[in-house]
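For reference, model.tsv is printed below; it contains TSV, C-alpha atoms (C1' of nucleotides).
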chain	number	residue	atom	x	y	z
A	1	MET	CA	151.10	56.75	-31.75
A	2	ASN	CA	150.87	53.21	-33.04
A	3	VAL	CA	150.47	50.82	-30.14
A	4	THR	CA	152.45	48.04	-31.79
A	5	SER	CA	155.60	49.94	-32.66
A	6	PRO	CA	158.12	51.83	-30.57
A	7	PRO	CA	157.79	55.61	-30.59
A	8	ALA	CA	159.92	57.80	-32.81
A	9	PRO	CA	162.98	59.38	-31.17
A	10	ARG	CA	161.33	62.79	-31.14
A	11	ASP	CA	158.28	61.31	-29.41
A	12	CYS	CA	160.59	59.60	-26.97
A	13	ARG	CA	161.81	62.92	-25.70
A	14	LYS	CA	158.29	64.14	-25.05
A	15	VAL	CA	157.35	60.92	-23.30
A	16	SER	CA	160.54	61.09	-21.28
A	17	ASP	CA	159.77	64.66	-20.30
A	18	VAL	CA	156.30	63.83	-19.02
A	19	PHE	CA	157.50	60.68	-17.30
A	20	SER	CA	160.30	62.50	-15.53
A	21	ARG	CA	157.79	65.05	-14.31
A	22	ILE	CA	155.19	62.66	-12.89
A	23	GLY	CA	157.55	59.74	-12.42
A	24	ASP	CA	159.01	60.99	-9.16
A	25	ARG	CA	158.34	59.42	-5.85
A	26	TRP	CA	155.12	61.25	-4.98
A	27	SER	CA	153.30	62.88	-7.91
A	28	MET	CA	151.36	59.85	-9.06
A	29	GLN	CA	150.37	58.94	-5.53
A	30	VAL	CA	149.01	62.43	-4.97
A	31	ILE	CA	147.07	62.18	-8.22
A	32	LEU	CA	145.64	58.87	-7.06
A	33	VAL	CA	144.54	60.28	-3.73
A	34	LEU	CA	142.94	63.29	-5.39
A	35	ASN	CA	141.07	61.16	-7.91
A	36	ASN	CA	137.45	62.33	-7.77
A	37	GLN	CA	138.00	63.86	-4.34
A	38	LYS	CA	138.63	67.51	-3.64
A	39	GLN	CA	140.77	67.46	-0.52
A	40	ARG	CA	142.64	69.69	1.85
A	41	PHE	CA	146.37	69.68	2.46
A	42	ASN	CA	146.43	67.50	5.55
A	43	GLU	CA	143.83	65.12	4.14
A	44	ILE	CA	146.10	64.47	1.18
A	45	LYS	CA	149.02	64.08	3.57
A	46	LYS	CA	147.16	61.37	5.44
A	47	GLY	CA	146.27	59.66	2.17
A	48	VAL	CA	149.81	59.53	0.84
A	49	ASN	CA	151.70	57.17	3.07
A	50	GLY	CA	154.98	58.56	4.34
A	51	ILE	CA	155.14	61.88	2.53
A	52	SER	CA	156.63	64.82	4.42
A	53	GLN	CA	154.99	68.21	4.66
A	54	GLN	CA	157.59	69.77	2.47
A	55	MET	CA	157.52	67.19	-0.28
A	56	LEU	CA	153.73	67.40	-0.41
A	57	ALA	CA	153.92	71.18	-0.73
A	58	ARG	CA	156.53	70.90	-3.48
A	59	THR	CA	154.62	68.19	-5.32
A	60	LEU	CA	151.33	70.10	-5.19
A	61	LYS	CA	153.00	73.20	-6.55
A	62	LEU	CA	154.52	71.33	-9.48
A	63	LEU	CA	151.22	69.64	-10.28
A	64	GLU	CA	149.49	73.01	-10.16
A	65	ARG	CA	152.17	74.45	-12.43
A	66	ASP	CA	151.40	71.76	-15.00
A	67	GLY	CA	147.69	72.52	-14.77
A	68	LEU	CA	146.93	69.06	-13.42
A	69	ILE	CA	145.41	70.25	-10.17
A	70	GLU	CA	143.74	73.47	-9.07
A	71	ARG	CA	144.33	75.20	-5.75
A	72	PHE	CA	141.48	76.80	-3.80
A	73	VAL	CA	142.17	79.11	-0.88
A	74	LEU	CA	139.11	78.83	1.35
A	75	ASP	CA	140.28	80.92	4.22
A	76	ALA	CA	143.30	82.96	5.20
A	77	SER	CA	143.52	82.67	8.96
A	78	PRO	CA	143.61	79.93	9.94
A	79	PRO	CA	144.59	78.87	6.43
A	80	LYS	CA	142.26	76.50	4.63
A	81	VAL	CA	143.35	75.30	1.21
A	82	SER	CA	141.94	72.52	-0.89
A	83	TYR	CA	143.07	70.87	-4.09
A	84	GLU	CA	141.20	69.26	-6.94
A	85	LEU	CA	142.15	67.58	-10.17
A	86	THR	CA	141.49	69.63	-13.29
A	87	THR	CA	139.95	68.06	-16.38
A	88	LEU	CA	143.48	67.49	-17.65
A	89	GLY	CA	144.46	65.97	-14.33
A	90	LEU	CA	141.46	63.67	-14.38
A	91	SER	CA	142.38	62.37	-17.81
A	92	LEU	CA	145.87	61.64	-16.54
A	93	ALA	CA	144.46	60.04	-13.41
A	94	GLU	CA	142.66	57.48	-15.58
A	95	GLN	CA	145.96	56.31	-17.04
A	96	VAL	CA	147.64	56.35	-13.66
A	97	MET	CA	144.81	54.32	-12.16
A	98	ALA	CA	145.33	51.71	-14.84
A	99	LEU	CA	148.99	51.52	-13.95
A	100	ALA	CA	148.13	51.37	-10.26
A	101	SER	CA	145.73	48.49	-10.85
A	102	TRP	CA	148.44	46.65	-12.75
A	103	SER	CA	150.80	47.27	-9.84
A	104	LEU	CA	148.42	45.82	-7.28
A	105	LEU	CA	147.70	42.84	-9.49
A	106	ASN	CA	151.33	42.00	-10.16
A	107	PHE	CA	153.07	43.17	-7.01
A	108	GLU	CA	153.52	39.69	-5.59
A	109	THR	CA	154.86	38.31	-8.85
A	110	LEU	CA	157.43	41.08	-9.05
A	111	SER	CA	158.56	40.46	-5.49
A	112	GLN	CA	158.94	36.74	-6.13
A	113	ASN	CA	160.86	37.39	-9.33
A	114	ARG	CA	163.30	39.64	-7.50
A	115	GLU	CA	163.81	37.13	-4.72
A	116	ARG	CA	164.46	34.33	-7.17
A	117	TYR	CA	166.84	36.48	-9.20
A	118	ASP	CA	168.80	37.51	-6.13
A	119	LYS	CA	169.16	33.89	-5.02
A	120	THR	CA	170.47	32.69	-8.36
A	121	HIS	CA	172.81	35.65	-8.84
A	122	GLU	CA	174.21	36.20	-5.38
A	123	ASN	CA	177.62	34.53	-6.00
B	1	MET	CA	140.81	48.29	-7.19
B	2	ASN	CA	137.81	50.53	-7.63
B	3	VAL	CA	138.54	53.10	-10.29
B	4	THR	CA	136.49	55.83	-8.66
B	5	SER	CA	138.00	55.79	-5.21
B	6	PRO	CA	141.50	56.31	-3.91
B	7	PRO	CA	143.44	53.19	-2.96
B	8	ALA	CA	143.78	52.02	0.62
B	9	PRO	CA	146.98	53.00	2.42
B	10	ARG	CA	148.29	49.44	2.23
B	11	ASP	CA	147.68	49.42	-1.50
B	12	CYS	CA	149.40	52.77	-1.73
B	13	ARG	CA	152.64	51.24	-0.54
B	14	LYS	CA	152.51	48.55	-3.21
B	15	VAL	CA	151.73	51.09	-5.90
B	16	SER	CA	154.52	53.30	-4.63
B	17	ASP	CA	156.93	50.41	-4.70
B	18	VAL	CA	156.18	49.55	-8.30
B	19	PHE	CA	156.19	53.20	-9.36
B	20	SER	CA	159.53	53.85	-7.73
B	21	ARG	CA	160.93	50.85	-9.55
B	22	ILE	CA	159.77	51.70	-13.07
B	23	GLY	CA	159.39	55.42	-12.50
B	24	ASP	CA	163.04	56.25	-12.93
B	25	ARG	CA	164.39	58.11	-15.90
B	26	TRP	CA	164.94	55.15	-18.21
B	27	SER	CA	162.96	52.00	-17.36
B	28	MET	CA	159.71	52.93	-19.05
B	29	GLN	CA	161.51	54.18	-22.14
B	30	VAL	CA	163.35	50.87	-22.44
B	31	ILE	CA	160.06	49.03	-22.06
B	32	LEU	CA	158.57	51.17	-24.82
B	33	VAL	CA	161.45	50.48	-27.17
B	34	LEU	CA	161.26	46.75	-26.49
B	35	ASN	CA	157.51	46.63	-27.07
B	36	ASN	CA	156.92	43.78	-29.52
B	37	GLN	CA	160.53	43.91	-30.64
B	38	LYS	CA	163.26	41.60	-29.50
B	39	GLN	CA	166.37	43.75	-29.72
B	40	ARG	CA	170.06	43.74	-29.06
B	41	PHE	CA	171.90	45.95	-26.61
B	42	ASN	CA	173.05	48.62	-29.03
B	43	GLU	CA	169.74	48.65	-30.86
B	44	ILE	CA	168.01	49.52	-27.61
B	45	LYS	CA	170.67	52.13	-26.93
B	46	LYS	CA	169.90	53.79	-30.27
B	47	GLY	CA	166.19	53.68	-29.50
B	48	VAL	CA	166.43	55.32	-26.12
B	49	ASN	CA	167.50	58.88	-26.72
B	50	GLY	CA	170.46	59.95	-24.60
B	51	ILE	CA	170.96	56.89	-22.42
B	52	SER	CA	174.53	55.98	-21.54
B	53	GLN	CA	175.97	52.51	-21.87
B	54	GLN	CA	176.15	52.10	-18.14
B	55	MET	CA	172.62	53.23	-17.39
B	56	LEU	CA	171.25	50.94	-20.08
B	57	ALA	CA	173.15	47.99	-18.59
B	58	ARG	CA	171.89	48.84	-15.10
B	59	THR	CA	168.31	49.34	-16.27
B	60	LEU	CA	168.24	46.10	-18.24
B	61	LYS	CA	169.54	44.18	-15.25
B	62	LEU	CA	166.86	45.59	-12.97
B	63	LEU	CA	164.12	44.87	-15.49
B	64	GLU	CA	165.41	41.32	-15.85
B	65	ARG	CA	165.46	40.99	-12.07
B	66	ASP	CA	161.79	41.91	-11.94
B	67	GLY	CA	161.02	39.37	-14.63
B	68	LEU	CA	159.86	42.04	-17.03
B	69	ILE	CA	162.41	41.24	-19.72
B	70	GLU	CA	164.34	38.13	-20.66
B	71	ARG	CA	167.99	38.07	-21.66
B	72	PHE	CA	169.26	35.86	-24.47
B	73	VAL	CA	172.96	35.27	-24.99
B	74	LEU	CA	173.36	34.51	-28.69
B	75	ASP	CA	177.12	34.36	-28.90
B	76	ALA	CA	180.09	34.71	-26.61
B	77	SER	CA	182.80	36.19	-28.77
B	78	PRO	CA	182.06	38.67	-30.08
B	79	PRO	CA	179.22	39.01	-27.58
B	80	LYS	CA	175.71	39.02	-28.94
B	81	VAL	CA	172.91	39.52	-26.47
B	82	SER	CA	169.29	40.30	-27.11
B	83	TYR	CA	166.41	41.27	-24.88
B	84	GLU	CA	162.71	40.64	-25.10
B	85	LEU	CA	159.71	41.53	-22.98
B	86	THR	CA	158.25	38.63	-21.01
B	87	THR	CA	154.50	38.08	-20.82
B	88	LEU	CA	154.54	40.07	-17.61
B	89	GLY	CA	156.57	42.80	-19.29
B	90	LEU	CA	154.16	42.93	-22.21
B	91	SER	CA	151.21	43.42	-19.90
B	92	LEU	CA	153.05	46.30	-18.24
B	93	ALA	CA	154.01	47.70	-21.63
B	94	GLU	CA	150.32	48.04	-22.48
B	95	GLN	CA	149.78	50.32	-19.51
B	96	VAL	CA	152.94	52.25	-20.21
B	97	MET	CA	151.93	52.71	-23.84
B	98	ALA	CA	148.65	54.22	-22.69
B	99	LEU	CA	150.53	56.66	-20.50
B	100	ALA	CA	152.92	57.41	-23.36
B	101	SER	CA	150.03	58.15	-25.69
B	102	TRP	CA	148.56	60.48	-23.11
B	103	SER	CA	151.94	62.18	-22.85
B	104	LEU	CA	152.20	62.79	-26.58
B	105	LEU	CA	148.63	64.03	-26.73
B	106	ASN	CA	148.98	66.49	-23.85
B	107	PHE	CA	152.62	67.49	-24.05
B	108	GLU	CA	151.93	70.87	-25.60
B	109	THR	CA	149.22	71.69	-23.09
B	110	LEU	CA	151.52	70.88	-20.21
B	111	SER	CA	154.28	73.07	-21.64
B	112	GLN	CA	151.90	75.97	-22.08
B	113	ASN	CA	150.54	75.57	-18.57
B	114	ARG	CA	154.04	75.70	-17.14
B	115	GLU	CA	154.93	78.77	-19.15
B	116	ARG	CA	151.80	80.57	-18.05
B	117	TYR	CA	152.32	79.59	-14.42
B	118	ASP	CA	155.91	80.78	-14.46
B	119	LYS	CA	154.89	84.14	-15.93
B	120	THR	CA	152.22	84.79	-13.32
B	121	HIS	CA	154.35	83.63	-10.40
B	122	GLU	CA	157.77	85.03	-11.22
B	123	ASN	CA	157.50	88.03	-8.84
C	1	DC	C1'	146.77	74.95	9.15
C	2	DG	C1'	149.40	75.34	5.22
C	3	DG	C1'	153.13	76.27	3.90
C	4	DG	C1'	158.45	78.61	3.18
C	5	DA	C1'	163.61	78.60	4.28
C	6	DT	C1'	167.53	76.21	5.37
C	7	DC	C1'	170.58	72.46	5.91
C	8	DC	C1'	171.94	67.75	5.15
C	9	DA	C1'	172.37	62.76	3.43
C	10	DG	C1'	171.64	59.38	0.03
C	11	DT	C1'	171.40	58.14	-4.46
C	12	DA	C1'	170.47	58.55	-9.37
C	13	DG	C1'	172.89	59.28	-13.17
C	14	DG	C1'	176.95	61.02	-16.27
C	15	DA	C1'	181.93	60.43	-18.15
C	16	DT	C1'	185.62	57.74	-18.91
C	17	DA	C1'	188.53	53.81	-19.13
C	18	DC	C1'	188.99	48.95	-19.25
C	19	DT	C1'	187.80	43.86	-20.59
C	20	DG	C1'	186.42	39.03	-22.48
D	1	DC	C1'	179.78	44.02	-28.72
D	2	DA	C1'	178.20	44.06	-24.31
D	3	DG	C1'	179.19	44.97	-20.58
D	4	DT	C1'	182.07	46.27	-15.58
D	5	DA	C1'	184.76	49.45	-12.51
D	6	DT	C1'	185.68	53.85	-10.80
D	7	DC	C1'	184.94	58.45	-9.87
D	8	DC	C1'	182.28	62.47	-9.59
D	9	DT	C1'	178.30	65.74	-9.69
D	10	DA	C1'	173.59	67.05	-9.14
D	11	DC	C1'	169.37	66.48	-7.61
D	12	DT	C1'	165.76	64.23	-4.74
D	13	DG	C1'	163.91	63.96	-0.62
D	14	DG	C1'	164.12	64.13	4.64
D	15	DA	C1'	164.35	66.86	9.16
D	16	DT	C1'	163.85	70.90	11.48
D	17	DC	C1'	162.56	75.51	12.43
D	18	DC	C1'	159.86	79.45	11.38
D	19	DC	C1'	155.84	82.34	9.88
D	20	DG	C1'	151.03	84.47	8.93
Do you think you could lay out the structure here as structure tokens?
Amino acid sequence: MNVTSPPAPRDCRKVSDVFSRIGDRWSMQVILVLNNQKQRFNEIKKGVNGISQQMLARTLKLLERDGLIERFVLDASPPKVSYELTTLGLSLAEQVMALASWSLLNFETLSQNRERYDKTHEN
Amino acid sequence: MNVTSPPAPRDCRKVSDVFSRIGDRWSMQVILVLNNQKQRFNEIKKGVNGISQQMLARTLKLLERDGLIERFVLDASPPKVSYELTTLGLSLAEQVMALASWSLLNFETLSQNRERYDKTHEN
DNA sequence: CGGGATCCAGTAGGATACTG
DNA sequence: CAGTATCCTACTGGATCCCG
């Protein structure tokens, strides 16, 4: 895709599809936490601030379904399961990391913009 | 932020905040369509496949609130309004374009992975 | 420990009609 | 043309309990 022009409508649907899959509240955060680190369920849970057990389980399953992470059952009783980004997942993680860096860099600016907007439009 | 390590929990919240703002169904698509192109309301609507009038109006207002786009009223009656990415919006658009390119490149792989997963887990 | 099942609330998002 | 107002539905995500 040309970087200087908007995508074609057909492309838009594909982009929309991928975005709506990873653009939920948790997927990208899980990808970030797993970046270069094979981790177990509760380790990921600690890493992702505020996620519930169920949402983590759901998110991991969807990411596994897309082939972005791989699930390893280490032991059955007591259960030990760990997760790791696949090659595909790692390539996505790079893009997500770039977006995350942008977010950290510009978070304050965004907050200030919102505050200013709300003040001038509160009528 | 270091690209090889997961972000700190405090950073995670900021990243989550930004992601939950632009990670909805439409924001990133609008940003893509506006990339390097000042456009009017209905032009954007044509560019973003399937968006309703209301959702476009809502999305544009939120993006303007964050200072990512600027709104220009050209005429009052009949109304003519156009939108353009700000410098901040352009810098975000770069990251979003990278993610969009990844999406186009790997869309087929993702679809196949899902299909395969669903077949082997349908029990 | 790593989930699954169930129930519930909040909100994102769609359809339609109306307006300056 | 570029919105706003209203209503409604569907889905996301949270809480809780249970299970091997």
Who sits within 10 Å of DT11 (chain C), all atoms listed in the file, same chain under 2 positions skipped, as a JSON list (two decimals) with C-alpha atoms (C1' of nucleotides), keeping the file's coordinate frame:
[["chain", "number", "residue", "atom", "x", "y", "z"],
["C", 9, "DA", "C1'", 172.37, 62.76, 3.43],
["C", 13, "DG", "C1'", 172.89, 59.28, -13.17],
["D", 11, "DC", "C1'", 169.37, 66.48, -7.61],
["D", 12, "DT", "C1'", 165.76, 64.23, -4.74]]
Go through chain A and flag each residue having an atom no more than 9 Å from chain C; for those, report the closest pair of atoms plus their distance in Å to one decimal, using all atoms listed in the file, ordered by chain and rising number, as a Markdown table.
| residue | atom | partner | partner_atom | distance |
| --- | --- | --- | --- | --- |
| A:Phe41 | CA | C:DG2 | C1' | 7.0 |
| A:Asn42 | CA | C:DC1 | C1' | 8.3 |
| A:Gln53 | CA | C:DG3 | C1' | 8.3 |
| A:Gln54 | CA | C:DG3 | C1' | 8.0 |
| A:Ala57 | CA | C:DG3 | C1' | 6.9 |
| A:Ser77 | CA | C:DC1 | C1' | 8.4 |
| A:Pro78 | CA | C:DC1 | C1' | 6.0 |
| A:Pro79 | CA | C:DC1 | C1' | 5.2 |
| A:Lys80 | CA | C:DC1 | C1' | 6.6 |
| A:Val81 | CA | C:DG2 | C1' | 7.3 |
Take the residues from that selection and write them out as a PDB file, in the coordinates of the input, keeping C-alpha atoms.
ATOM      1  CA  PHE A  41     146.370  69.680   2.460  1.00  0.00           C
ATOM      2  CA  ASN A  42     146.430  67.500   5.550  1.00  0.00           C
ATOM      3  CA  GLN A  53     154.990  68.210   4.660  1.00  0.00           C
ATOM      4  CA  GLN A  54     157.590  69.770   2.470  1.00  0.00           C
ATOM      5  CA  ALA A  57     153.920  71.180  -0.730  1.00  0.00           C
ATOM      6  CA  SER A  77     143.520  82.670   8.960  1.00  0.00           C
ATOM      7  CA  PRO A  78     143.610  79.930   9.940  1.00  0.00           C
ATOM      8  CA  PRO A  79     144.590  78.870   6.430  1.00  0.00           C
ATOM      9  CA  LYS A  80     142.260  76.500   4.630  1.00  0.00           C
ATOM     10  CA  VAL A  81     143.350  75.300   1.210  1.00  0.00           C
TER      11      VAL A  81
END
Need the shell around region 68-72 of chain A: protein/DNA/RNA residues with any atom at most 12 Å away, counting only C-alpha atoms (C1' of nucleotides). Skip same-chain ones fewer than 5 positions apart. Format as a ChimeraX atom specification? /A:21-22,27-28,30-41,57,59-63,79-93 /B:106,109-111,113-114,117
Near chain B, 7 Å: chain A residue rows, closest pairs, only C-alpha atoms, as CSV:
residue,atom,partner,partner_atom,distance
A:Met1,CA,B:Ser101,CA,6.3
A:Val3,CA,B:Met97,CA,6.7
A:Thr4,CA,B:Asn36,CA,6.6
A:Ser5,CA,B:Asn35,CA,6.8
A:Pro6,CA,B:Val33,CA,4.9
A:Pro9,CA,B:Asn49,CA,6.4
A:Asp11,CA,B:Leu104,CA,6.9
A:Cys12,CA,B:Asn49,CA,7.0
A:Lys14,CA,B:Leu104,CA,6.4
A:Val15,CA,B:Ser103,CA,5.6
A:Val18,CA,B:Ser103,CA,6.0
A:Ser20,CA,B:Arg25,CA,6.0
A:Gly23,CA,B:Gly23,CA,4.7
A:Asp24,CA,B:Gly23,CA,6.5
A:Arg25,CA,B:Ser20,CA,6.0
A:Leu32,CA,B:Pro6,CA,5.8
A:Val33,CA,B:Pro6,CA,5.0
A:Asn35,CA,B:Pro6,CA,6.3
A:Asn36,CA,B:Thr4,CA,6.6
A:Gly47,CA,B:Pro9,CA,6.7
A:Asn49,CA,B:Pro9,CA,6.3
A:Arg65,CA,B:Arg114,CA,5.2
A:Asp66,CA,B:Arg114,CA,5.2
A:Gly67,CA,B:Asn113,CA,5.6
A:Gln95,CA,B:Leu99,CA,5.7
A:Met97,CA,B:Val3,CA,6.7
A:Ala98,CA,B:Gln95,CA,6.6
A:Leu99,CA,B:Gln95,CA,5.7
A:Ala100,CA,B:Val15,CA,5.7
A:Ser101,CA,B:Met1,CA,6.1
A:Ser103,CA,B:Val15,CA,5.6
A:Leu104,CA,B:Val15,CA,6.4
A:Phe107,CA,B:Lys14,CA,6.6
A:Leu110,CA,B:Asp66,CA,5.3
A:Asn113,CA,B:Asp66,CA,5.3
A:Arg114,CA,B:Asp66,CA,5.2
A:Tyr117,CA,B:Arg65,CA,5.5
Using all atoms listed in the file, which of the listed residues (D:DC1, D:DT6, D:DC18, D:DG13) sits closest to chain A?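 Ranked by minimum distance to chain A, first place goes to D:DG13.
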Let me have the centre and edge lengths in Å, one decimal, of the box along x, y and z around every listed atom of region 2-20 of chain C with 3 Å of margin on each side, as JSON.
{"center_x": 169.2, "center_y": 58.8, "center_z": -8.3, "size_x": 45.6, "size_y": 45.6, "size_z": 34.4}
Interface residues on chain D facing chain B, 9 Å, all atoms listed in the file, written as a count of residues only: 4
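Going from CA of Ile51 (chain A) over to C1' of DT16 (chain D), you cover 15.4 Å.
The space between CA of Lys45 (chain A) and CA of Asp75 (chain A) spans 19.0 Å.
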Complete the atom set of region 29-38 of chain B to all heavy atoms and return it as an mmCIF file, in the frame of the given file.
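rebuild20.cif, freshly written:
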data_model
loop_
_atom_site.group_PDB
_atom_site.id
_atom_site.type_symbol
_atom_site.label_atom_id
_atom_site.label_comp_id
_atom_site.auth_asym_id
_atom_site.auth_seq_id
_atom_site.Cartn_x
_atom_site.Cartn_y
_atom_site.Cartn_z
ATOM 1 N N GLN B 29 161.082 53.966 -20.752
ATOM 2 C CA GLN B 29 161.510 54.180 -22.140
ATOM 3 C C GLN B 29 162.061 52.897 -22.746
ATOM 4 O O GLN B 29 161.814 52.601 -23.921
ATOM 5 C CB GLN B 29 162.560 55.276 -22.196
ATOM 6 C CG GLN B 29 162.004 56.647 -21.899
ATOM 7 C CD GLN B 29 163.026 57.723 -22.231
ATOM 8 O OE1 GLN B 29 163.310 57.995 -23.380
ATOM 9 N NE2 GLN B 29 163.593 58.332 -21.203
ATOM 10 N N VAL B 30 162.820 52.141 -21.943
ATOM 11 C CA VAL B 30 163.350 50.870 -22.440
ATOM 12 C C VAL B 30 162.201 49.915 -22.739
ATOM 13 O O VAL B 30 162.185 49.245 -23.775
ATOM 14 C CB VAL B 30 164.317 50.247 -21.409
ATOM 15 C CG1 VAL B 30 164.671 48.826 -21.801
ATOM 16 C CG2 VAL B 30 165.571 51.092 -21.286
ATOM 17 N N ILE B 31 161.227 49.884 -21.845
ATOM 18 C CA ILE B 31 160.060 49.030 -22.060
ATOM 19 C C ILE B 31 159.344 49.415 -23.352
ATOM 20 O O ILE B 31 158.952 48.555 -24.147
ATOM 21 C CB ILE B 31 159.092 49.132 -20.863
ATOM 22 C CG1 ILE B 31 159.700 48.433 -19.642
ATOM 23 C CG2 ILE B 31 157.741 48.523 -21.192
ATOM 24 C CD1 ILE B 31 158.912 48.607 -18.374
ATOM 25 N N LEU B 32 159.218 50.716 -23.586
ATOM 26 C CA LEU B 32 158.570 51.170 -24.820
ATOM 27 C C LEU B 32 159.334 50.707 -26.050
ATOM 28 O O LEU B 32 158.741 50.243 -27.024
ATOM 29 C CB LEU B 32 158.481 52.704 -24.827
ATOM 30 C CG LEU B 32 157.416 53.332 -23.930
ATOM 31 C CD1 LEU B 32 157.388 54.830 -24.123
ATOM 32 C CD2 LEU B 32 156.058 52.739 -24.236
ATOM 33 N N VAL B 33 160.647 50.842 -26.006
ATOM 34 C CA VAL B 33 161.450 50.480 -27.170
ATOM 35 C C VAL B 33 161.405 48.967 -27.422
ATOM 36 O O VAL B 33 161.451 48.510 -28.565
ATOM 37 C CB VAL B 33 162.909 50.947 -26.974
ATOM 38 C CG1 VAL B 33 163.820 50.349 -28.032
ATOM 39 C CG2 VAL B 33 162.973 52.466 -27.035
ATOM 40 N N LEU B 34 161.291 48.206 -26.347
ATOM 41 C CA LEU B 34 161.260 46.750 -26.490
ATOM 42 C C LEU B 34 159.878 46.216 -26.864
ATOM 43 O O LEU B 34 159.723 45.026 -27.153
ATOM 44 C CB LEU B 34 161.719 46.077 -25.193
ATOM 45 C CG LEU B 34 163.229 45.977 -24.991
ATOM 46 C CD1 LEU B 34 163.541 45.355 -23.651
ATOM 47 C CD2 LEU B 34 163.863 45.160 -26.115
ATOM 48 N N ASN B 35 158.872 47.089 -26.835
ATOM 49 C CA ASN B 35 157.510 46.630 -27.070
ATOM 50 C C ASN B 35 157.377 45.905 -28.406
ATOM 51 O O ASN B 35 157.529 46.490 -29.465
ATOM 52 C CB ASN B 35 156.540 47.825 -27.027
ATOM 53 C CG ASN B 35 155.103 47.365 -26.925
ATOM 54 O OD1 ASN B 35 154.802 46.398 -26.241
ATOM 55 N ND2 ASN B 35 154.214 48.069 -27.624
ATOM 56 N N ASN B 36 157.093 44.624 -28.331
ATOM 57 C CA ASN B 36 156.920 43.780 -29.520
ATOM 58 C C ASN B 36 158.162 43.670 -30.384
ATOM 59 O O ASN B 36 158.064 43.313 -31.564
ATOM 60 C CB ASN B 36 155.749 44.290 -30.383
ATOM 61 C CG ASN B 36 154.417 43.994 -29.725
ATOM 62 O OD1 ASN B 36 154.272 42.982 -29.062
ATOM 63 N ND2 ASN B 36 153.465 44.877 -29.912
ATOM 64 N N GLN B 37 159.330 43.994 -29.845
ATOM 65 C CA GLN B 37 160.530 43.910 -30.640
ATOM 66 C C GLN B 37 161.693 43.372 -29.819
ATOM 67 O O GLN B 37 162.240 44.101 -29.008
ATOM 68 C CB GLN B 37 160.914 45.304 -31.155
ATOM 69 C CG GLN B 37 159.766 46.055 -31.781
ATOM 70 C CD GLN B 37 160.092 46.527 -33.185
ATOM 71 O OE1 GLN B 37 161.184 46.303 -33.684
ATOM 72 N NE2 GLN B 37 159.139 47.193 -33.807
ATOM 73 N N LYS B 38 162.043 42.145 -30.088
ATOM 74 C CA LYS B 38 163.260 41.600 -29.500
ATOM 75 C C LYS B 38 164.432 42.372 -30.091
ATOM 76 O O LYS B 38 164.562 42.482 -31.305
ATOM 77 C CB LYS B 38 163.377 40.115 -29.852
ATOM 78 C CG LYS B 38 164.482 39.377 -29.126
ATOM 79 C CD LYS B 38 164.383 37.871 -29.429
ATOM 80 C CE LYS B 38 165.343 37.052 -28.587
ATOM 81 N NZ LYS B 38 165.100 35.599 -28.788
#
